[in-house]
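Worksheet: the structure to be examined is printed underneath.
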Amino acid sequence: MPEPLNFDISVSSENQFIAEFPQNISLYLKREDLLHPEVSGNKFRKIKYNLKEAIRQNKGTLLTFGGAFSNHITATAAAGKIAGIKTIGVIRGEELGEDLSKTLDGNPSLKFAHSCGMRLHFVSRQEYREKTTLFFQQKLREEFGDFYLLPEGGTNDLAVNGCKEILGPGDEEFNYICCAVGTGGTISGIINASGIHQLILGFPALKGDFLAEEILKYSEKNNWELILNYHFGGYAKVNSELINFINKFKKKYQIQLDPIYTGKLVFGIFDQIERGKFPAGSKILAIHTGGLQGIEGVNKVLRKKNLPLIN
């Protein structure tokens, strides 16, 4: 079992130099993926203050939401196990609950969450769309009793405060800070911690421009923009070009990227550099937000499609 999570100190992650590009443009990667073996990256940051608040409220159970391969679900399950708090995962897709043993055999993410003691509650896609309604949440309380509710993806005010701690001493030297965007909490924390001389670039993993509204709910500054054309078709969508990039990047730099978030982020940064997005002398910091547990599940899908696998 991993070491207990020490949420009482502000943990810093190292910046690893990646490459020097023409016109003196340099790229560094902040290794948030190394914070913890099971609760890594932005999930560590998002869960930190929520877990402390649950303990303060004497809540014995965390309940949250996610899809079948959710990094948030696995991180919450691991954090609950380590902290000694029960966890419930409301999972999209009621068909997954028809034969739990079969589902766990074919889904490494849910298998891990279940092994951590998380109770898995499968709901229809229609019900899942109602997850933020008071009616649906009351139904959950009637079934499971009292719990501390953690939103899908973990984003709330406490999570954003945790993500402010991603940036640390020395990071003010960077002109650009880039991160993948899922629910908007991570980039909001980074925006709030950034300097006025820095531009924060978000690379959404989802199709569409609705994320701007989510970021505006939590961000305190306007020094940011979204780069919308590196989602590769939408959330969890991949193709051979992205897989080959991830594999080549790992071979060259000995750093594993995930296909849902950081692979698309770094691909986008390299492409934007080639297209002249960044002026000469730019120092770019990309945030590695973890998410590596999902690779095994993605490879299962790739095998069925006869596509190359992620190394």
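Quick note on naming: the chains in the structure tokens go A, B, ... in the order shown, residues restart at 1 in each chain, and ligands are numbered from 1 in order of appearance.
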At a cut-off of 12 Å, using only C-alpha atoms, what residues contact Asp99 (chain A)? Leave out same-chain residues fewer than 6 positions from it and give the result as a short mmCIF file (atom, residue, chain, number, x, y, z; two decimals) with C-alpha atoms, in the first residue's frame.
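Once written, selection-v2.cif looks like this:
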```cif
data_model
loop_
_atom_site.label_atom_id
_atom_site.label_comp_id
_atom_site.auth_asym_id
_atom_site.auth_seq_id
_atom_site.Cartn_x
_atom_site.Cartn_y
_atom_site.Cartn_z
CA ASP A 105 -12.23 -8.50 -15.87
CA GLY A 106 -12.46 -6.25 -18.92
CA PHE A 122 -24.08 1.89 -12.26
#
```
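Summary of the local environment: counting only C-alpha atoms, residues at most 8 Å from His231 (chain A), other than itself and those fewer than 6 positions away along its chain, are Phe203, Pro204, Ala205, Leu206, Lys207, Lys237 and Lys264 of chain A.
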**Study point:** All helix (DSSP H, G or I) positions in region 89-149 of chain A, as a PyMOL selection string
**Key:** chain A and resi 94-97+100-106+108-115+125-128+134-144
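Minimum atom-to-atom distances from A:His114, A:Lys305, A:Lys251, A:Lys277 to Val238 (chain A) were compared using only C-alpha atoms, and the lowest value belongs to A:Lys305.
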Point to revise | Computed interatomic separation between CA of Gly80 (chain A) and CA of Leu257 (chain A) (Å) | key: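 Atom-to-atom, CA of Gly80 (chain A) and CA of Leu257 (chain A) are spaced 25.6 Å apart.
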Check your understanding: Of the residues A:Gly297, A:Gly153, A:Pro279, A:Gly67, which is the one nearest to Asn42 (chain A), using only C-alpha atoms?
Key -> A:Gly153
Review point. Which residue, A:Leu309, A:Ile295, A:Leu228, A:Leu100, has the smallest gap to Glu241 (chain A) when you use only C-alpha atoms?
Key: A:Leu309
**Study point:** Spatial neighbours of Gly291 (chain A), max dist 8 Å, only C-alpha atoms, sep filter under 6 positions, as a list in words
**Key:** Asp33, Ser40, Gly41, Asn71, Asp258, Ile260 and Tyr261 of chain A
I need the chosen residues saved as an mmCIF file, in the first residue's frame, with N, CA and C atoms.
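Below is the file that was written, again-v2.cif:
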```cif
data_model
loop_
_atom_site.group_PDB
_atom_site.id
_atom_site.type_symbol
_atom_site.label_atom_id
_atom_site.label_comp_id
_atom_site.auth_asym_id
_atom_site.auth_seq_id
_atom_site.Cartn_x
_atom_site.Cartn_y
_atom_site.Cartn_z
ATOM 1 N N ASP A 33 2.752 14.165 -12.548
ATOM 2 C CA ASP A 33 2.454 12.736 -12.574
ATOM 3 C C ASP A 33 3.266 11.946 -11.554
ATOM 4 N N SER A 40 -2.222 10.767 -8.516
ATOM 5 C CA SER A 40 -1.177 11.626 -9.069
ATOM 6 C C SER A 40 -1.750 12.818 -9.812
ATOM 7 N N GLY A 41 -0.857 13.720 -10.159
ATOM 8 C CA GLY A 41 -1.206 14.842 -11.011
ATOM 9 C C GLY A 41 -2.278 15.740 -10.439
ATOM 10 N N ASN A 71 -10.063 8.620 -14.655
ATOM 11 C CA ASN A 71 -8.936 8.840 -13.747
ATOM 12 C C ASN A 71 -9.426 9.334 -12.396
ATOM 13 N N ASP A 258 -0.293 10.264 -21.504
ATOM 14 C CA ASP A 258 -1.538 9.509 -21.628
ATOM 15 C C ASP A 258 -2.293 9.974 -22.871
ATOM 16 N N ILE A 260 -5.539 10.538 -23.318
ATOM 17 C CA ILE A 260 -6.764 11.306 -23.111
ATOM 18 C C ILE A 260 -6.467 12.795 -22.934
ATOM 19 N N TYR A 261 -5.406 13.113 -22.199
ATOM 20 C CA TYR A 261 -5.106 14.504 -21.869
ATOM 21 C C TYR A 261 -3.707 14.940 -22.304
#
```
Practice item. Give the strand (DSSP E) residues of region 18-204 of chain A, as DSSP finds them on the backbone, and put them as an MDAnalysis selection string. Key: chainID A and resid 18:21 25:31 61:66 86:92 119:123 148:149 176:181 199:204
Residues of the last selection are to be written out with C-alpha atoms, as a PDB file, in the first residue's frame.
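What follows is the written file part.pdb:
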```pdb
ATOM      1  CA  ILE A  18      12.272  18.737 -22.788  1.00  0.00           C
ATOM      2  CA  ALA A  19      13.660  20.506 -25.818  1.00  0.00           C
ATOM      3  CA  GLU A  20      15.095  23.668 -27.329  1.00  0.00           C
ATOM      4  CA  PHE A  21      13.387  24.696 -30.557  1.00  0.00           C
ATOM      5  CA  ILE A  25      12.010  28.601 -27.766  1.00  0.00           C
ATOM      6  CA  SER A  26      12.304  26.165 -24.844  1.00  0.00           C
ATOM      7  CA  LEU A  27       9.823  23.647 -23.462  1.00  0.00           C
ATOM      8  CA  TYR A  28       9.688  22.253 -19.925  1.00  0.00           C
ATOM      9  CA  LEU A  29       7.314  19.681 -18.425  1.00  0.00           C
ATOM     10  CA  LYS A  30       6.075  19.972 -14.838  1.00  0.00           C
ATOM     11  CA  ARG A  31       6.022  16.387 -13.537  1.00  0.00           C
ATOM     12  CA  THR A  61     -18.064   8.428   2.794  1.00  0.00           C
ATOM     13  CA  LEU A  62     -17.043  10.185  -0.420  1.00  0.00           C
ATOM     14  CA  LEU A  63     -19.414   9.852  -3.382  1.00  0.00           C
ATOM     15  CA  THR A  64     -18.450  10.921  -6.866  1.00  0.00           C
ATOM     16  CA  PHE A  65     -19.205  10.348 -10.548  1.00  0.00           C
ATOM     17  CA  GLY A  66     -17.322   9.144 -13.598  1.00  0.00           C
ATOM     18  CA  LYS A  86     -15.460   4.812   2.248  1.00  0.00           C
ATOM     19  CA  THR A  87     -15.995   5.687  -1.404  1.00  0.00           C
ATOM     20  CA  ILE A  88     -18.884   5.293  -3.814  1.00  0.00           C
ATOM     21  CA  GLY A  89     -18.495   5.701  -7.559  1.00  0.00           C
ATOM     22  CA  VAL A  90     -21.603   6.454  -9.613  1.00  0.00           C
ATOM     23  CA  ILE A  91     -20.646   5.085 -13.020  1.00  0.00           C
ATOM     24  CA  ARG A  92     -22.211   5.984 -16.361  1.00  0.00           C
ATOM     25  CA  ARG A 119     -18.680   0.651  -4.108  1.00  0.00           C
ATOM     26  CA  LEU A 120     -19.653   0.908  -7.769  1.00  0.00           C
ATOM     27  CA  HIS A 121     -23.177   2.091  -8.560  1.00  0.00           C
ATOM     28  CA  PHE A 122     -24.082   1.891 -12.258  1.00  0.00           C
ATOM     29  CA  VAL A 123     -26.757   4.171 -13.694  1.00  0.00           C
ATOM     30  CA  TYR A 148     -19.560  14.083   1.023  1.00  0.00           C
ATOM     31  CA  LEU A 149     -20.284  14.786  -2.630  1.00  0.00           C
ATOM     32  CA  TYR A 176       3.468  30.460 -21.350  1.00  0.00           C
ATOM     33  CA  ILE A 177       1.896  27.767 -19.191  1.00  0.00           C
ATOM     34  CA  CYS A 178      -0.005  25.048 -21.024  1.00  0.00           C
ATOM     35  CA  CYS A 179      -2.331  22.384 -19.671  1.00  0.00           C
ATOM     36  CA  ALA A 180      -4.977  19.965 -20.859  1.00  0.00           C
ATOM     37  CA  VAL A 181      -8.567  20.870 -19.999  1.00  0.00           C
ATOM     38  CA  LEU A 199      -0.406  33.569 -20.815  1.00  0.00           C
ATOM     39  CA  ILE A 200      -2.182  30.361 -19.835  1.00  0.00           C
ATOM     40  CA  LEU A 201      -3.093  28.120 -22.768  1.00  0.00           C
ATOM     41  CA  GLY A 202      -5.673  25.381 -22.329  1.00  0.00           C
ATOM     42  CA  PHE A 203      -5.923  22.417 -24.693  1.00  0.00           C
ATOM     43  CA  PRO A 204      -9.400  20.885 -24.252  1.00  0.00           C
TER      44      PRO A 204
END
```
Exercise for review: Please provide the set of residues having any atom within 12 Å of Glu213 (chain A), restricted to only C-alpha atoms, with same-chain residues fewer than 4 positions apart removed, written as an NGL selection string.
Suggested key: :A and (183-185 or 188 or 208-209 or 217-219 or 225-226)
Save the residues we just selected, N, CA, C and O atoms, as a PDB file, in the first residue's frame?
```pdb
ATOM      1  N   THR A 183     -12.604  19.404 -17.094  1.00  0.00           N
ATOM      2  CA  THR A 183     -13.756  20.096 -16.499  1.00  0.00           C
ATOM      3  C   THR A 183     -13.466  21.570 -16.205  1.00  0.00           C
ATOM      4  O   THR A 183     -14.372  22.307 -15.822  1.00  0.00           O
ATOM      5  N   GLY A 184     -12.216  21.991 -16.343  1.00  0.00           N
ATOM      6  CA  GLY A 184     -11.873  23.403 -16.169  1.00  0.00           C
ATOM      7  C   GLY A 184     -11.277  23.766 -14.828  1.00  0.00           C
ATOM      8  O   GLY A 184     -10.822  24.898 -14.627  1.00  0.00           O
ATOM      9  N   GLY A 185     -11.255  22.833 -13.880  1.00  0.00           N
ATOM     10  CA  GLY A 185     -10.756  23.150 -12.549  1.00  0.00           C
ATOM     11  C   GLY A 185      -9.259  23.364 -12.493  1.00  0.00           C
ATOM     12  O   GLY A 185      -8.777  24.300 -11.832  1.00  0.00           O
ATOM     13  N   SER A 188      -8.173  26.621 -14.130  1.00  0.00           N
ATOM     14  CA  SER A 188      -8.636  27.764 -13.328  1.00  0.00           C
ATOM     15  C   SER A 188      -7.695  28.022 -12.163  1.00  0.00           C
ATOM     16  O   SER A 188      -7.358  29.175 -11.862  1.00  0.00           O
ATOM     17  N   GLY A 208     -15.847  21.077 -28.692  1.00  0.00           N
ATOM     18  CA  GLY A 208     -16.741  22.192 -28.382  1.00  0.00           C
ATOM     19  C   GLY A 208     -16.049  23.277 -27.582  1.00  0.00           C
ATOM     20  O   GLY A 208     -14.961  23.083 -27.036  1.00  0.00           O
ATOM     21  N   ASP A 209     -16.691  24.442 -27.500  1.00  0.00           N
ATOM     22  CA  ASP A 209     -16.101  25.592 -26.819  1.00  0.00           C
ATOM     23  C   ASP A 209     -16.820  25.959 -25.527  1.00  0.00           C
ATOM     24  O   ASP A 209     -16.661  27.054 -25.003  1.00  0.00           O
ATOM     25  N   LYS A 217     -16.247  30.620 -14.361  1.00  0.00           N
ATOM     26  CA  LYS A 217     -16.864  30.489 -13.038  1.00  0.00           C
ATOM     27  C   LYS A 217     -15.817  30.543 -11.929  1.00  0.00           C
ATOM     28  O   LYS A 217     -16.112  30.971 -10.810  1.00  0.00           O
ATOM     29  N   TYR A 218     -14.607  30.089 -12.229  1.00  0.00           N
ATOM     30  CA  TYR A 218     -13.598  29.918 -11.184  1.00  0.00           C
ATOM     31  C   TYR A 218     -12.365  30.808 -11.346  1.00  0.00           C
ATOM     32  O   TYR A 218     -11.639  31.018 -10.383  1.00  0.00           O
ATOM     33  N   SER A 219     -12.115  31.307 -12.544  1.00  0.00           N
ATOM     34  CA  SER A 219     -10.877  32.061 -12.772  1.00  0.00           C
ATOM     35  C   SER A 219     -11.030  33.516 -12.358  1.00  0.00           C
ATOM     36  O   SER A 219     -12.109  34.104 -12.458  1.00  0.00           O
ATOM     37  N   GLU A 225      -6.382  31.569 -22.808  1.00  0.00           N
ATOM     38  CA  GLU A 225      -7.162  31.262 -24.002  1.00  0.00           C
ATOM     39  C   GLU A 225      -7.162  29.757 -24.219  1.00  0.00           C
ATOM     40  O   GLU A 225      -6.303  29.035 -23.683  1.00  0.00           O
ATOM     41  N   LEU A 226      -8.139  29.284 -24.964  1.00  0.00           N
ATOM     42  CA  LEU A 226      -8.255  27.865 -25.267  1.00  0.00           C
ATOM     43  C   LEU A 226      -7.833  27.603 -26.708  1.00  0.00           C
ATOM     44  O   LEU A 226      -8.219  28.344 -27.620  1.00  0.00           O
TER      45      LEU A 226
END
```
I want to know what sits within 10 Å of region 299-302 of chain A, based on only C-alpha atoms, with residues of the same chain fewer than 2 positions away left out; could you give that as an mmCIF file with N, CA, C and O atoms, in the first residue's frame?
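File produced: part-v1.cif:
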```
data_model
loop_
_atom_site.group_PDB
_atom_site.id
_atom_site.type_symbol
_atom_site.label_atom_id
_atom_site.label_comp_id
_atom_site.auth_asym_id
_atom_site.auth_seq_id
_atom_site.Cartn_x
_atom_site.Cartn_y
_atom_site.Cartn_z
ATOM 1 N N GLY A 106 -12.755 -6.962 -17.682
ATOM 2 C CA GLY A 106 -12.460 -6.247 -18.921
ATOM 3 C C GLY A 106 -12.153 -4.781 -18.751
ATOM 4 O O GLY A 106 -11.900 -4.086 -19.735
ATOM 5 N N ASN A 107 -12.164 -4.293 -17.517
ATOM 6 C CA ASN A 107 -11.960 -2.859 -17.291
ATOM 7 C C ASN A 107 -10.980 -2.655 -16.144
ATOM 8 O O ASN A 107 -11.360 -2.714 -14.968
ATOM 9 N N PRO A 108 -9.704 -2.389 -16.456
ATOM 10 C CA PRO A 108 -8.692 -2.248 -15.407
ATOM 11 C C PRO A 108 -8.939 -1.071 -14.465
ATOM 12 O O PRO A 108 -8.566 -1.124 -13.296
ATOM 13 N N VAL A 238 -8.919 8.780 -30.107
ATOM 14 C CA VAL A 238 -7.510 8.755 -30.502
ATOM 15 C C VAL A 238 -7.402 8.247 -31.932
ATOM 16 O O VAL A 238 -8.337 7.648 -32.462
ATOM 17 N N ASN A 239 -6.251 8.476 -32.538
ATOM 18 C CA ASN A 239 -5.981 7.896 -33.851
ATOM 19 C C ASN A 239 -4.504 7.508 -33.925
ATOM 20 O O ASN A 239 -3.743 7.716 -32.977
ATOM 21 N N SER A 240 -4.105 6.948 -35.041
ATOM 22 C CA SER A 240 -2.736 6.453 -35.192
ATOM 23 C C SER A 240 -1.707 7.572 -35.068
ATOM 24 O O SER A 240 -0.612 7.363 -34.521
ATOM 25 N N ILE A 243 -1.184 8.242 -31.332
ATOM 26 C CA ILE A 243 -0.499 7.110 -30.698
ATOM 27 C C ILE A 243 0.975 7.091 -31.085
ATOM 28 O O ILE A 243 1.856 6.895 -30.241
ATOM 29 N N PRO A 259 -3.151 9.130 -23.446
ATOM 30 C CA PRO A 259 -3.824 9.487 -24.703
ATOM 31 C C PRO A 259 -5.043 10.376 -24.535
ATOM 32 O O PRO A 259 -5.535 10.924 -25.525
ATOM 33 N N GLY A 294 -5.149 5.075 -17.263
ATOM 34 C CA GLY A 294 -6.125 4.813 -18.315
ATOM 35 C C GLY A 294 -5.555 4.181 -19.572
ATOM 36 O O GLY A 294 -6.309 3.752 -20.449
ATOM 37 N N ILE A 295 -4.221 4.092 -19.660
ATOM 38 C CA ILE A 295 -3.598 3.579 -20.884
ATOM 39 C C ILE A 295 -3.997 2.130 -21.158
ATOM 40 O O ILE A 295 -4.290 1.756 -22.300
ATOM 41 N N GLU A 296 -4.025 1.325 -20.127
ATOM 42 C CA GLU A 296 -4.354 -0.090 -20.319
ATOM 43 C C GLU A 296 -5.749 -0.252 -20.909
ATOM 44 O O GLU A 296 -5.970 -1.069 -21.816
ATOM 45 N N GLY A 297 -6.689 0.534 -20.416
ATOM 46 C CA GLY A 297 -8.048 0.473 -20.938
ATOM 47 C C GLY A 297 -8.126 0.936 -22.388
ATOM 48 O O GLY A 297 -8.841 0.339 -23.205
ATOM 49 N N LYS A 304 -9.049 -4.017 -30.326
ATOM 50 C CA LYS A 304 -10.268 -4.404 -31.033
ATOM 51 C C LYS A 304 -10.366 -3.711 -32.384
ATOM 52 O O LYS A 304 -10.976 -4.230 -33.316
ATOM 53 N N LYS A 305 -9.766 -2.515 -32.502
ATOM 54 C CA LYS A 305 -9.822 -1.756 -33.748
ATOM 55 C C LYS A 305 -8.609 -2.003 -34.636
ATOM 56 O O LYS A 305 -8.473 -1.371 -35.689
ATOM 57 N N ASN A 306 -7.715 -2.903 -34.178
ATOM 58 C CA ASN A 306 -6.482 -3.205 -34.926
ATOM 59 C C ASN A 306 -5.635 -1.967 -35.173
ATOM 60 O O ASN A 306 -5.013 -1.820 -36.221
ATOM 61 N N LEU A 307 -5.605 -1.084 -34.195
ATOM 62 C CA LEU A 307 -4.771 0.104 -34.256
ATOM 63 C C LEU A 307 -3.488 -0.133 -33.462
ATOM 64 O O LEU A 307 -3.439 -1.028 -32.606
ATOM 65 N N PRO A 308 -2.435 0.636 -33.735
ATOM 66 C CA PRO A 308 -1.202 0.490 -32.955
ATOM 67 C C PRO A 308 -1.464 0.765 -31.473
ATOM 68 O O PRO A 308 -2.346 1.569 -31.126
ATOM 69 N N LEU A 309 -0.689 0.130 -30.608
ATOM 70 C CA LEU A 309 -0.869 0.270 -29.173
ATOM 71 C C LEU A 309 0.063 1.319 -28.594
ATOM 72 O O LEU A 309 1.103 1.637 -29.171
ATOM 73 N N ILE A 310 -0.304 1.838 -27.432
ATOM 74 C CA ILE A 310 0.545 2.777 -26.706
ATOM 75 C C ILE A 310 1.585 1.962 -25.936
ATOM 76 O O ILE A 310 1.236 1.067 -25.176
ATOM 77 N N ASN A 311 2.834 2.266 -26.153
ATOM 78 C CA ASN A 311 3.915 1.528 -25.500
ATOM 79 C C ASN A 311 3.957 1.846 -24.009
ATOM 80 O O ASN A 311 3.755 2.996 -23.622
#
```
**Study point:** Test item: residues at most 9 Å from Phe245 (chain A), only C-alpha atoms, excluding those fewer than 5 positions along its chain, as an NGL selection string
**Key:** :A and (240 or 250 or 263 or 267)
Check your understanding: Which one is closest to Asn15 (chain A): A:Gly182, A:Thr74, A:Glu98, A:Gly168? Count only C-alpha atoms.
Key ->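 For Asn15 (chain A), the nearest of the given residues is A:Gly168.
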Point to revise | Pairwise distance for CA of Asn58 (chain A) and CA of Leu150 (chain A), rounded to one decimal in Å | key: 15.0 Å
Check your understanding: Which polymer residues have any atom within 10 Å of an atom of Arg45 (chain A), counting only C-alpha atoms, with same-chain residues fewer than 5 positions away left out, as a ChimeraX atom specification?
Key -> /A:7,10-11,32,35,39-40,50,154,158-166,186,189,289
